[in-house]
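Chemist: Structure incoming, see below.
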Amino acid sequence: MSNTLKLPLESLKLHVALNDFEFPATPPRKTTILGQPRAQAAFEFGIAMTHPGYNIFVMGDPGLGRLTMVTDHLNSLSQSLPAPPTYAYVDNFSNSREPLAIELPADYGQIFSKDIEKLIDDVLATFPAAFESPVYQQQKNALERQFSQTYNNAIDKVDDKAQTLNIALFKEGEAITFAPIKNKKALSSEQFTQLPKSERELFHKHVEELEDYLGDVLLELPQWRRIMINQTRQLDNDTISLALEPLLGALHDKYDAIDDVITYLSELKTNLETTISDYLMSPRALEASDNTTRRLMLIEQYAPNILIDNKQDGGAPVVHEPHPVYQNLFGRIEYINDQGTLMTHYRKICAGSLHKANGGYLILDAEKLLTYPFVWDSLKRALQSGCIEIDSPYSELGINTITLKPEVIPLNVKIILVGSPDIYYLLEEMDSEFNEMFKILADFDNHIPRTAETMRHFATLMARQAHDAHTKPLTRSAIEGLIEHSCRLAEDQHHFSARIHDSLEIIGEANFFCSKTNASQIDRSHIEQALAAREYRNGRLPQTILNEMLDGIILIDTDGDAVGKINGLTVLEVGGSSFGAPARITTTVYPGSRGIVDIEREAELGQAIHSKGVMILTGYLGHCYAQQFPLAISASIAVEQSYGYIDGDSASLAELCCLISALTRTPIMQSFAVTGSVNQYGEVQAVGSVNEKVEGFFRLCQARGLDGHHAVIIPAANKRNLMLKQEVIDAVAQGLFAVYAVTSVDETLELLTGHLAGTVDSDGLYPENSINFKAIIRLKEISELTAEEDKEEGGG
């Protein structure tokens, strides 16, 4: 039987031949990723759906080309789509704390900004020059003359009355004084003091009368002055409006079809008139600042803050935000320090990725999105409301860090989340709104069927990578080696790994070894050197464990035989690498009814699946051996010198064979190692990492010296997973090592012990002296002993 179970050389590894593949001089660039038809179809459907909620979650492990597929498809599609509008923020003159958003056609952002700056330059060139025109000066002088005439007429009335009283009126600026007249001459102060007392008193009396009359005459003086000021102001406003009209008229004509701009220009004109009057005509303001300072002031007040300026021929935007913190996604408001006070205004508003991707596509890393605070809930709120709001998320915590509340901008974007299956199922379970907003799942496969078409595509991708990375070109043999390595990563001769990135990295490393030998092309030998160098770099821990086995610190026998001892195969994962290592499994059997004790579980080192595998052993014993009597057994199973957690059921076949060995006292050959899962009917089931497990035992046997008796037993279902290293295949070819594939526990026992397992006959009996016969006899003895002990204890 052993020869029929031994695998031939051709089963141990896939050998790829690309004999019919023609390599073009310059490999064509593929716009689609290798394989993944299901994911691509789902993604294309999600992109085509314009209804709300049809955002996309691209699910798969890193390295599968998720981001490549998304960006390649969107970049080619976006060029055929119309460019979205441009958005800008301007000052809200009625409430500067709430800046207004302006929507412009694509490509109009910088144009509009330059037009406003030109308007400001024209205003500075026009004012105050407009007030120096002869027409303005003439009208202003006329108003001043009219005021002066009215004032002088009033003073003349007082002067006429004073002359009737022999009193002279003197006007010096705004001051009016009176003096007595004697002999048609006004008296001086000294002359006045020489007058008789009666005349002086009469003069004072007349002056009081004149002052009262003056007050009555000038009672309306404030109103005259107010009228003159209002008329002057109206003249100024008319002059400003008349001078602004041609400047703004051109802008009105240019932006007549853009409602937001027309509305803004109307508000700007009203505010600009006040600004010109207060800041450009004020003598103090003109003395305090030069033209450059005034220009900067006007730009800060009127120039638009172009938030995002899409190009007319740029198509729909495709934005990948690698760092989706709140400010990067939703935008932020910057501050300036003005003498210790934080100040801000509308020109300090900065765009986020949502603004840049608005009207197009935004690609986000799902895990990072959930890592940063406030981001996930804010993104959902934006998608639900259909608008982007720039706000401070910390305001909800009572921390006031914002002084502006910009007007919201309409949001029309397709969100593509890229994440692992764990993140997708977590969101699906924990967020009831998730499926409503992300209705499309683009699910990436981990493996790609190995067909002639996919191999050609794979070869093209590898050749294209070598061309784009400026490495030496790949030979046919090198690409065949890369495909074989990819199949090893996938652990399947019929599939290769979808993690194409791993193969692309190897090309760069192989190019290093190619350059060292001055070869003109990267050959299979260079690929193998790169893989060997990578294994060596990561090989400290497996080498340490191997040395401990060789030194007898870790007890593993590779020759002789023993009862209740077997070599199981384990896989250790450290960081991004994994390696196989044999582990001794021991079993003891003794009378009692305690059952099969999993020492690993009792020590809380055995995880759930491993414990399940041990429990199945009881079911197998009962089904195969204890049909005529109660199953009563006490046994202990342990993975020796294991000091960490153990999981998986790949040791259950070895544990069952070890248990039967201890039960029947049949020795097991220690030159064998076993891996495989088993069910209650004794059928051997497939396990994972079969290549690493075989190679782990092979390295130990090789180090001790292969003698032709060393072998590994694997499940027959794992034959398609074999992609062993060449050194193992060479040893098998020389008859120094063997790999057996089994389908049942009986086949495994016969290989391990060299004895017949025994097949049940029509009477339900096994052949005498077969392993199964011995197992039944031994279990029956233990059952009877246990029954007698129970009886004695009950009688006592």
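How things are named: the first chain in the structure tokens is A, the next is B, and so on; residues count from 1 in each chain; ligands count from 1 in the order shown.
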Within 8 Å of Ile633 (chain A), counting only C-alpha atoms, which residues qualify if same-chain residues fewer than 5 places away don't, as a list in words?
Modeler: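 The residues satisfying every condition are Val589, Tyr590, Pro591, Gly592, Ser593, Arg594, Gly595, Ile596, Leu779, Ile782 and Ser783 of chain A.
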Chemist: Store the residues picked out above in a file with N, CA and C atoms, as a PDB file, in the first residue's frame.
Modeler:
```pdb
ATOM      1  N   VAL A 589      -2.362   6.315  27.966  1.00  0.00           N
ATOM      2  CA  VAL A 589      -3.674   5.692  28.158  1.00  0.00           C
ATOM      3  C   VAL A 589      -3.632   4.866  29.425  1.00  0.00           C
ATOM      4  N   TYR A 590      -4.700   4.939  30.223  1.00  0.00           N
ATOM      5  CA  TYR A 590      -4.766   4.186  31.479  1.00  0.00           C
ATOM      6  C   TYR A 590      -6.236   3.962  31.808  1.00  0.00           C
ATOM      7  N   PRO A 591      -6.493   2.941  32.664  1.00  0.00           N
ATOM      8  CA  PRO A 591      -7.891   2.616  32.994  1.00  0.00           C
ATOM      9  C   PRO A 591      -8.589   3.798  33.664  1.00  0.00           C
ATOM     10  N   GLY A 592      -9.852   3.899  33.453  1.00  0.00           N
ATOM     11  CA  GLY A 592     -10.665   4.954  34.048  1.00  0.00           C
ATOM     12  C   GLY A 592     -11.695   5.447  33.061  1.00  0.00           C
ATOM     13  N   SER A 593     -12.478   6.372  33.481  1.00  0.00           N
ATOM     14  CA  SER A 593     -13.537   6.906  32.616  1.00  0.00           C
ATOM     15  C   SER A 593     -13.462   8.426  32.522  1.00  0.00           C
ATOM     16  N   ARG A 594     -12.256   8.912  32.698  1.00  0.00           N
ATOM     17  CA  ARG A 594     -12.092  10.367  32.658  1.00  0.00           C
ATOM     18  C   ARG A 594     -12.250  10.918  31.232  1.00  0.00           C
ATOM     19  N   GLY A 595     -12.029  10.083  30.252  1.00  0.00           N
ATOM     20  CA  GLY A 595     -12.097  10.512  28.860  1.00  0.00           C
ATOM     21  C   GLY A 595     -10.743  10.977  28.385  1.00  0.00           C
ATOM     22  N   ILE A 596     -10.744  11.558  27.177  1.00  0.00           N
ATOM     23  CA  ILE A 596      -9.499  12.052  26.585  1.00  0.00           C
ATOM     24  C   ILE A 596      -9.262  13.475  27.086  1.00  0.00           C
ATOM     25  N   LEU A 779      -9.713  -1.591  24.630  1.00  0.00           N
ATOM     26  CA  LEU A 779     -10.805  -0.759  25.132  1.00  0.00           C
ATOM     27  C   LEU A 779     -11.810  -1.585  25.924  1.00  0.00           C
ATOM     28  N   ILE A 782     -10.328  -2.169  29.356  1.00  0.00           N
ATOM     29  CA  ILE A 782     -10.438  -0.961  30.194  1.00  0.00           C
ATOM     30  C   ILE A 782     -11.880  -0.759  30.640  1.00  0.00           C
ATOM     31  N   SER A 783     -12.830  -1.041  29.740  1.00  0.00           N
ATOM     32  CA  SER A 783     -14.238  -0.871  30.084  1.00  0.00           C
ATOM     33  C   SER A 783     -14.630  -1.805  31.213  1.00  0.00           C
TER      34      SER A 783
END
```
Chemist: Please, which residues of region 450-596 of chain A, numbered as in this document, come out strand (DSSP E or B) from DSSP, as a PyMOL selection string?
Modeler: chain A and resi 474+495-497+522+561-562+565-574+577-590+595-596
Chemist: For C-alpha atoms, I'd like the residues from the last selection saved as an mmCIF file, in the first residue's frame.
Modeler:
```cif
data_model
loop_
_atom_site.group_PDB
_atom_site.id
_atom_site.type_symbol
_atom_site.label_atom_id
_atom_site.label_comp_id
_atom_site.auth_asym_id
_atom_site.auth_seq_id
_atom_site.Cartn_x
_atom_site.Cartn_y
_atom_site.Cartn_z
ATOM 1 C CA LEU A 474 12.502 39.155 -17.795
ATOM 2 C CA HIS A 495 -4.582 29.042 -8.717
ATOM 3 C CA PHE A 496 -2.039 31.730 -8.172
ATOM 4 C CA SER A 497 -2.101 34.400 -5.534
ATOM 5 C CA ILE A 522 16.581 38.512 -15.321
ATOM 6 C CA ASP A 561 10.147 3.840 16.780
ATOM 7 C CA ALA A 562 8.196 4.566 19.972
ATOM 8 C CA LYS A 565 4.927 9.376 20.456
ATOM 9 C CA ILE A 566 4.519 10.955 17.027
ATOM 10 C CA ASN A 567 5.908 13.849 15.048
ATOM 11 C CA GLY A 568 3.210 16.365 14.293
ATOM 12 C CA LEU A 569 3.730 19.330 12.015
ATOM 13 C CA THR A 570 3.076 22.911 13.056
ATOM 14 C CA VAL A 571 3.399 26.303 11.447
ATOM 15 C CA LEU A 572 4.656 29.351 13.314
ATOM 16 C CA GLU A 573 3.777 32.838 12.093
ATOM 17 C CA VAL A 574 6.040 35.705 13.097
ATOM 18 C CA SER A 577 6.625 35.342 7.526
ATOM 19 C CA SER A 578 5.690 31.787 8.462
ATOM 20 C CA PHE A 579 7.681 28.582 8.694
ATOM 21 C CA GLY A 580 7.035 24.961 9.549
ATOM 22 C CA ALA A 581 8.532 23.046 12.458
ATOM 23 C CA PRO A 582 7.876 19.510 13.736
ATOM 24 C CA ALA A 583 6.461 19.098 17.228
ATOM 25 C CA ARG A 584 6.363 15.959 19.361
ATOM 26 C CA ILE A 585 2.894 14.794 20.374
ATOM 27 C CA THR A 586 2.637 12.256 23.208
ATOM 28 C CA THR A 587 -0.282 10.237 24.518
ATOM 29 C CA THR A 588 -0.784 8.122 27.605
ATOM 30 C CA VAL A 589 -3.674 5.692 28.158
ATOM 31 C CA TYR A 590 -4.766 4.186 31.479
ATOM 32 C CA GLY A 595 -12.097 10.512 28.860
ATOM 33 C CA ILE A 596 -9.499 12.052 26.585
#
```
Chemist: One decimal, Å: what's the distance from CA of Asp730 (chain A) over to CA of Ala530 (chain A), could you say?
Modeler: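 Interatomic distance, CA of Asp730 (chain A) to CA of Ala530 (chain A): 20.2 Å.
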Chemist: Which residues of region 311-344 of chain A have any atom within 12 Å of an atom in region 58-71 of chain A when counting only C-alpha atoms, and what is the closest pair of atoms for each, with the distance in Å to one decimal? Order the rows by chain and rising number and write it as CSV.
Modeler:
```
residue,atom,partner,partner_atom,distance
A:Pro317,CA,A:Thr71,CA,11.2
A:Val318,CA,A:Thr71,CA,7.8
A:Val319,CA,A:Thr71,CA,9.1
A:His320,CA,A:Thr71,CA,8.5
A:Glu321,CA,A:Leu67,CA,11.8
A:Pro322,CA,A:Leu67,CA,11.3
```
Chemist: Hey, which of A:Ile56, A:Leu265, A:Met297, A:Leu383 ends up closest to Ile363 (chain A)? Count only C-alpha atoms.
Modeler: A:Ile56
Chemist: Can you check which residues of region 198-310 of chain A DSSP gives as alpha helix (DSSP H) on the backbone and send them as an NGL selection string?
Modeler: :A and (198-217 or 221-254 or 259-275 or 283-288 or 291-302)
Chemist: What lies within 9 Å of Ala168 (chain A) using only C-alpha atoms, ignoring chain neighbours under 5 positions off, as a list of chain:residue names?
Modeler: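 Everything that qualifies: A:Asp159, A:Ala162, A:Gln163, A:Thr177, A:Phe178, A:Ala179, A:Pro180, A:Ile181, A:Lys185, A:Ala186.
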Chemist: Taking into account only C-alpha atoms, which residue in the set A:Asn310, A:Thr164, A:Thr150, A:Asn305 is nearest to Pro85 (chain A)?
Modeler: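 Result for the nearest residue to Pro85 (chain A): A:Asn310.
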Chemist: Under the rule that only C-alpha atoms are counted, which of A:Gln146, A:Leu441, A:His755, A:Leu370 is the nearest residue to Met669 (chain A)?
Modeler: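 Ranked by minimum distance to Met669 (chain A), first place goes to A:His755.
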Chemist: List the spatial neighbours of region 480-490 of chain A as a list in words - criterion: any atom at most 8 Å away, only C-alpha atoms, same-chain residues fewer than 4 positions off excluded.
Modeler: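 So, after excluding close chain neighbours, the residues are Leu14, His15, Val16, Ala17, Leu18, Asn446, His447, Met455, Phe458, Arg476, His494, His495, Phe496, Ser497, Ala498, Ile500, Ser503, Arg524, Ile527, Glu528, Asn721, Leu722, Met723 and Leu724 of chain A.
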Chemist: One decimal, in Å: what's the spacing between CA of Asp20 (chain A) and CA of Arg450 (chain A)?
Modeler: 15.4 Å
Chemist: Rank nothing, just name the residue among A:Thr451, A:Ser420, A:Asn718, A:Ser392 nearest to Lys368 (chain A), using only C-alpha atoms.
Modeler: A:Ser420
Chemist: As an exercise, work out the distance from CA of Thr239 (chain A) to CA of Glu220 (chain A) in Å and give it to one decimal place.
Modeler: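 Distance reported for this atom pair: 28.3 Å.
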Chemist: My list of candidates is A:Ile388, A:Leu268, A:Arg225, A:Thr475. Which is closest to Ala519 (chain A) when distances are computed with only C-alpha atoms?
Modeler: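 Result for the nearest residue to Ala519 (chain A): A:Thr475.
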